[in-house]
Amino acid sequence: MKTAALLLVISYAVLMLYALWKQKNRNICMGAGCLLLLAYALLSVIQSRSMLPVIITGMAGISAGTLLNGIRRKKVHLLHHVIRLLLETALVIICQLA
C-alpha cells in the first residue's frame with residue numbers, strides 16, 4: 001500500500017513537472033511544490049516516519065502555482081481547482097494511511 005501511494009505521488013509530481021515544462025511562463029511555486037513531493041517520496045523511503053508537512057506544503061505549492069497561472073491568464077476555472085484540491089487531499093490521506 002505504501003509503495004502504491006508513493007508511486008501515485010511521484011507520478012503526480014512528474015506530471016506537474018511536465019506541465020510546467022510545456023508552459024511558456026515558468027512558475028516557481030509549482031516547481032517547488034513538485035520538488036517537495038519528490039523529496040517527500042525520497043524521505044518516506046529512507047525514513048520510516050511520516051513527512052506530512054512536506055507533502056502538504058508540496059501540494060499547496062502546486063495548487064498555488066496553478067491558481068496563479070489562471071489569474072495571470074485571466075482564465076480561472078473554479079471547478080478545475082476544486083477537483084485538483086480534492087485529488088490532492090485524497091493523495092495526502094492515502095499517503096498518511098499507508
# chains A, B, ... in the order shown; residues from 1 in each chain; ligands from 1

$ residues_around --residues "region 22-28 of chain A" --least-positions-apart "5" --cutoff "10 Å" --atoms "only C-alpha atoms" --output "PyMOL selection string"
chain A and resi 16-17+33-34+61-62+64-66+68-69+72

$ residues_around --residues "Val92 (chain A)" --least-positions-apart "2" --cutoff "8 Å" --atoms "only C-alpha atoms" --output "VMD selection string"
chain A and resid 52 55 to 56 88 to 90 94 to 96

$ residues_around --residues "Arg49 (chain A)" --least-positions-apart "5" --cutoff "12 Å" --atoms "only C-alpha atoms" --output "list in words"
Tyr40, Ala41, Leu43, Ser44, Cys95, Gln96 and Ala98 of chain A

$ write_last_selection --atoms "C-alpha atoms" --output "mmCIF file, in the first residue's frame"
data_model
loop_
_atom_site.group_PDB
_atom_site.id
_atom_site.type_symbol
_atom_site.label_atom_id
_atom_site.label_comp_id
_atom_site.auth_asym_id
_atom_site.auth_seq_id
_atom_site.Cartn_x
_atom_site.Cartn_y
_atom_site.Cartn_z
ATOM 1 C CA TYR A 40 8.612 13.504 0.337
ATOM 2 C CA ALA A 41 8.810 10.277 -1.648
ATOM 3 C CA LEU A 43 12.290 10.763 2.626
ATOM 4 C CA SER A 44 9.477 8.255 3.027
ATOM 5 C CA CYS A 95 -0.152 8.545 1.959
ATOM 6 C CA GLN A 96 -0.999 9.144 5.609
ATOM 7 C CA ALA A 98 -0.257 3.834 4.164
#

$ select_by_dssp --residues "chain A" --states "alpha helix (DSSP H)" --output "JSON, numbers by chain"
{"A": [2, 3, 4, 5, 6, 7, 8, 9, 10, 11, 12, 13, 14, 15, 16, 17, 18, 19, 20, 21, 22, 28, 29, 30, 31, 32, 33, 34, 35, 36, 37, 38, 39, 40, 41, 42, 43, 44, 45, 46, 52, 53, 54, 55, 56, 57, 58, 59, 60, 61, 62, 63, 64, 65, 66, 67, 68, 69, 70, 71, 72, 73, 78, 79, 80, 81, 82, 83, 84, 85, 86, 87, 88, 89, 90, 91, 92, 93, 94, 95, 96, 97]}

$ residues_around --residues "Val76 (chain A)" --least-positions-apart "4" --cutoff "8 Å" --atoms "only C-alpha atoms" --output "list in words"
Leu67, Gly70 and Ile71 of chain A

$ write_last_selection --atoms "C-alpha atoms" --output "tab-separated table (two decimals), in the first residue's frame"
chain	number	residue	atom	x	y	z
A	67	LEU	CA	-4.18	29.23	-9.37
A	70	GLY	CA	-5.16	31.03	-14.04
A	71	ILE	CA	-5.18	34.51	-12.55

$ atom_distance --atom1 "CA of Val54 (chain A)" --atom2 "CA of Ala39 (chain A)"
7.9 Å

$ atom_distance --atom1 "CA of Met30 (chain A)" --atom2 "CA of Ser63 (chain A)"
7.3 Å

$ closest_residue --among "A:Val14, A:Ala5, A:Leu86, A:Leu97" --to "Leu35 (chain A)" --atoms "only C-alpha atoms"
A:Val14

$ residues_around --residues "Tyr12 (chain A)" --least-positions-apart "3" --cutoff "10 Å" --atoms "only C-alpha atoms" --output "PDB file with all heavy atoms, in the first residue's frame"
ATOM      1  N   LEU A   6       3.249   5.981  -2.787  1.00  0.00           N
ATOM      2  CA  LEU A   6       4.429   6.722  -3.218  1.00  0.00           C
ATOM      3  C   LEU A   6       4.508   6.823  -4.740  1.00  0.00           C
ATOM      4  O   LEU A   6       4.914   7.853  -5.276  1.00  0.00           O
ATOM      5  CB  LEU A   6       5.699   6.082  -2.666  1.00  0.00           C
ATOM      6  CG  LEU A   6       5.925   6.252  -1.165  1.00  0.00           C
ATOM      7  CD1 LEU A   6       7.170   5.504  -0.732  1.00  0.00           C
ATOM      8  CD2 LEU A   6       5.999   7.705  -0.784  1.00  0.00           C
ATOM      9  N   LEU A   7       4.105   5.765  -5.428  1.00  0.00           N
ATOM     10  CA  LEU A   7       4.087   5.819  -6.891  1.00  0.00           C
ATOM     11  C   LEU A   7       3.069   6.846  -7.395  1.00  0.00           C
ATOM     12  O   LEU A   7       3.321   7.537  -8.389  1.00  0.00           O
ATOM     13  CB  LEU A   7       3.792   4.442  -7.474  1.00  0.00           C
ATOM     14  CG  LEU A   7       4.939   3.446  -7.414  1.00  0.00           C
ATOM     15  CD1 LEU A   7       4.491   2.080  -7.915  1.00  0.00           C
ATOM     16  CD2 LEU A   7       6.115   3.947  -8.225  1.00  0.00           C
ATOM     17  N   LEU A   8       1.933   6.957  -6.713  1.00  0.00           N
ATOM     18  CA  LEU A   8       0.951   7.979  -7.080  1.00  0.00           C
ATOM     19  C   LEU A   8       1.509   9.385  -6.892  1.00  0.00           C
ATOM     20  O   LEU A   8       1.332  10.254  -7.751  1.00  0.00           O
ATOM     21  CB  LEU A   8      -0.327   7.811  -6.252  1.00  0.00           C
ATOM     22  CG  LEU A   8      -1.278   6.721  -6.667  1.00  0.00           C
ATOM     23  CD1 LEU A   8      -2.394   6.571  -5.630  1.00  0.00           C
ATOM     24  CD2 LEU A   8      -1.874   7.017  -8.028  1.00  0.00           C
ATOM     25  N   VAL A   9       2.184   9.599  -5.774  1.00  0.00           N
ATOM     26  CA  VAL A   9       2.759  10.915  -5.502  1.00  0.00           C
ATOM     27  C   VAL A   9       3.847  11.245  -6.524  1.00  0.00           C
ATOM     28  O   VAL A   9       3.896  12.356  -7.054  1.00  0.00           O
ATOM     29  CB  VAL A   9       3.309  10.983  -4.060  1.00  0.00           C
ATOM     30  CG1 VAL A   9       4.126  12.235  -3.833  1.00  0.00           C
ATOM     31  CG2 VAL A   9       2.174  10.922  -3.059  1.00  0.00           C
ATOM     32  N   LEU A  15       4.086  14.470 -13.547  1.00  0.00           N
ATOM     33  CA  LEU A  15       3.088  15.033 -14.456  1.00  0.00           C
ATOM     34  C   LEU A  15       3.033  16.557 -14.338  1.00  0.00           C
ATOM     35  O   LEU A  15       2.969  17.262 -15.349  1.00  0.00           O
ATOM     36  CB  LEU A  15       1.711  14.435 -14.162  1.00  0.00           C
ATOM     37  CG  LEU A  15       0.560  14.909 -15.028  1.00  0.00           C
ATOM     38  CD1 LEU A  15       0.731  14.410 -16.450  1.00  0.00           C
ATOM     39  CD2 LEU A  15      -0.762  14.427 -14.463  1.00  0.00           C
ATOM     40  N   MET A  16       3.092  17.073 -13.125  1.00  0.00           N
ATOM     41  CA  MET A  16       3.073  18.521 -12.927  1.00  0.00           C
ATOM     42  C   MET A  16       4.366  19.170 -13.419  1.00  0.00           C
ATOM     43  O   MET A  16       4.346  20.278 -13.957  1.00  0.00           O
ATOM     44  CB  MET A  16       2.836  18.863 -11.455  1.00  0.00           C
ATOM     45  CG  MET A  16       1.447  18.523 -10.959  1.00  0.00           C
ATOM     46  SD  MET A  16       0.166  19.461 -11.814  1.00  0.00           S
ATOM     47  CE  MET A  16      -0.545  18.206 -12.856  1.00  0.00           C
ATOM     48  N   LEU A  17       5.504  18.473 -13.265  1.00  0.00           N
ATOM     49  CA  LEU A  17       6.761  18.994 -13.819  1.00  0.00           C
ATOM     50  C   LEU A  17       6.711  19.038 -15.343  1.00  0.00           C
ATOM     51  O   LEU A  17       7.215  19.980 -15.967  1.00  0.00           O
ATOM     52  CB  LEU A  17       7.940  18.145 -13.357  1.00  0.00           C
ATOM     53  CG  LEU A  17       8.471  18.422 -11.966  1.00  0.00           C
ATOM     54  CD1 LEU A  17       9.535  17.401 -11.589  1.00  0.00           C
ATOM     55  CD2 LEU A  17       9.018  19.829 -11.860  1.00  0.00           C
ATOM     56  N   TYR A  18       6.105  18.033 -15.941  1.00  0.00           N
ATOM     57  CA  TYR A  18       5.934  18.032 -17.396  1.00  0.00           C
ATOM     58  C   TYR A  18       5.040  19.181 -17.841  1.00  0.00           C
ATOM     59  O   TYR A  18       5.346  19.870 -18.818  1.00  0.00           O
ATOM     60  CB  TYR A  18       5.361  16.692 -17.860  1.00  0.00           C
ATOM     61  CG  TYR A  18       5.110  16.636 -19.343  1.00  0.00           C
ATOM     62  CD1 TYR A  18       6.178  16.551 -20.233  1.00  0.00           C
ATOM     63  CD2 TYR A  18       3.830  16.678 -19.854  1.00  0.00           C
ATOM     64  CE1 TYR A  18       5.960  16.514 -21.600  1.00  0.00           C
ATOM     65  CE2 TYR A  18       3.594  16.641 -21.214  1.00  0.00           C
ATOM     66  CZ  TYR A  18       4.666  16.556 -22.087  1.00  0.00           C
ATOM     67  OH  TYR A  18       4.444  16.528 -23.436  1.00  0.00           O
ATOM     68  N   CYS A  34       6.466  20.559  -6.754  1.00  0.00           N
ATOM     69  CA  CYS A  34       6.827  19.266  -7.350  1.00  0.00           C
ATOM     70  C   CYS A  34       8.100  18.707  -6.717  1.00  0.00           C
ATOM     71  O   CYS A  34       8.177  17.509  -6.423  1.00  0.00           O
ATOM     72  CB  CYS A  34       7.027  19.422  -8.850  1.00  0.00           C
ATOM     73  SG  CYS A  34       5.528  19.782  -9.756  1.00  0.00           S
ATOM     74  N   LEU A  37       7.292  17.277  -3.373  1.00  0.00           N
ATOM     75  CA  LEU A  37       6.649  15.960  -3.459  1.00  0.00           C
ATOM     76  C   LEU A  37       7.676  14.867  -3.731  1.00  0.00           C
ATOM     77  O   LEU A  37       7.593  13.772  -3.159  1.00  0.00           O
ATOM     78  CB  LEU A  37       5.572  15.958  -4.544  1.00  0.00           C
ATOM     79  CG  LEU A  37       4.315  16.750  -4.267  1.00  0.00           C
ATOM     80  CD1 LEU A  37       3.326  16.576  -5.404  1.00  0.00           C
ATOM     81  CD2 LEU A  37       3.682  16.348  -2.962  1.00  0.00           C
ATOM     82  N   LEU A  38       8.634  15.151  -4.599  1.00  0.00           N
ATOM     83  CA  LEU A  38       9.688  14.171  -4.854  1.00  0.00           C
ATOM     84  C   LEU A  38      10.559  13.970  -3.611  1.00  0.00           C
ATOM     85  O   LEU A  38      10.978  12.844  -3.321  1.00  0.00           O
ATOM     86  CB  LEU A  38      10.528  14.606  -6.055  1.00  0.00           C
ATOM     87  CG  LEU A  38       9.794  14.598  -7.399  1.00  0.00           C
ATOM     88  CD1 LEU A  38      10.671  15.189  -8.491  1.00  0.00           C
ATOM     89  CD2 LEU A  38       9.323  13.215  -7.765  1.00  0.00           C
ATOM     90  N   MET A  59       1.863  19.987  -2.056  1.00  0.00           N
ATOM     91  CA  MET A  59       0.553  20.065  -2.711  1.00  0.00           C
ATOM     92  C   MET A  59       0.038  21.501  -2.731  1.00  0.00           C
ATOM     93  O   MET A  59      -0.548  21.952  -3.725  1.00  0.00           O
ATOM     94  CB  MET A  59      -0.455  19.164  -1.995  1.00  0.00           C
ATOM     95  CG  MET A  59      -0.151  17.703  -2.081  1.00  0.00           C
ATOM     96  SD  MET A  59      -0.376  17.060  -3.728  1.00  0.00           S
ATOM     97  CE  MET A  59      -0.196  15.325  -3.418  1.00  0.00           C
ATOM     98  N   GLU A  88      -5.716  16.180  -4.542  1.00  0.00           N
ATOM     99  CA  GLU A  88      -4.542  16.319  -3.680  1.00  0.00           C
ATOM    100  C   GLU A  88      -4.856  15.903  -2.244  1.00  0.00           C
ATOM    101  O   GLU A  88      -4.021  15.296  -1.579  1.00  0.00           O
ATOM    102  CB  GLU A  88      -4.019  17.746  -3.738  1.00  0.00           C
ATOM    103  CG  GLU A  88      -3.401  18.071  -5.083  1.00  0.00           C
ATOM    104  CD  GLU A  88      -3.017  19.519  -5.246  1.00  0.00           C
ATOM    105  OE1 GLU A  88      -3.405  20.339  -4.386  1.00  0.00           O
ATOM    106  OE2 GLU A  88      -2.321  19.827  -6.217  1.00  0.00           O
ATOM    107  N   LEU A  91      -4.785  12.169  -2.157  1.00  0.00           N
ATOM    108  CA  LEU A  91      -3.410  11.669  -2.162  1.00  0.00           C
ATOM    109  C   LEU A  91      -2.753  11.792  -0.789  1.00  0.00           C
ATOM    110  O   LEU A  91      -2.052  10.878  -0.344  1.00  0.00           O
ATOM    111  CB  LEU A  91      -2.564  12.424  -3.199  1.00  0.00           C
ATOM    112  CG  LEU A  91      -2.681  11.957  -4.636  1.00  0.00           C
ATOM    113  CD1 LEU A  91      -1.932  12.898  -5.561  1.00  0.00           C
ATOM    114  CD2 LEU A  91      -2.149  10.558  -4.779  1.00  0.00           C
TER     115      LEU A  91
END

$ atom_distance --atom1 "CA of Leu42 (chain A)" --atom2 "CA of His80 (chain A)"
28.7 Å
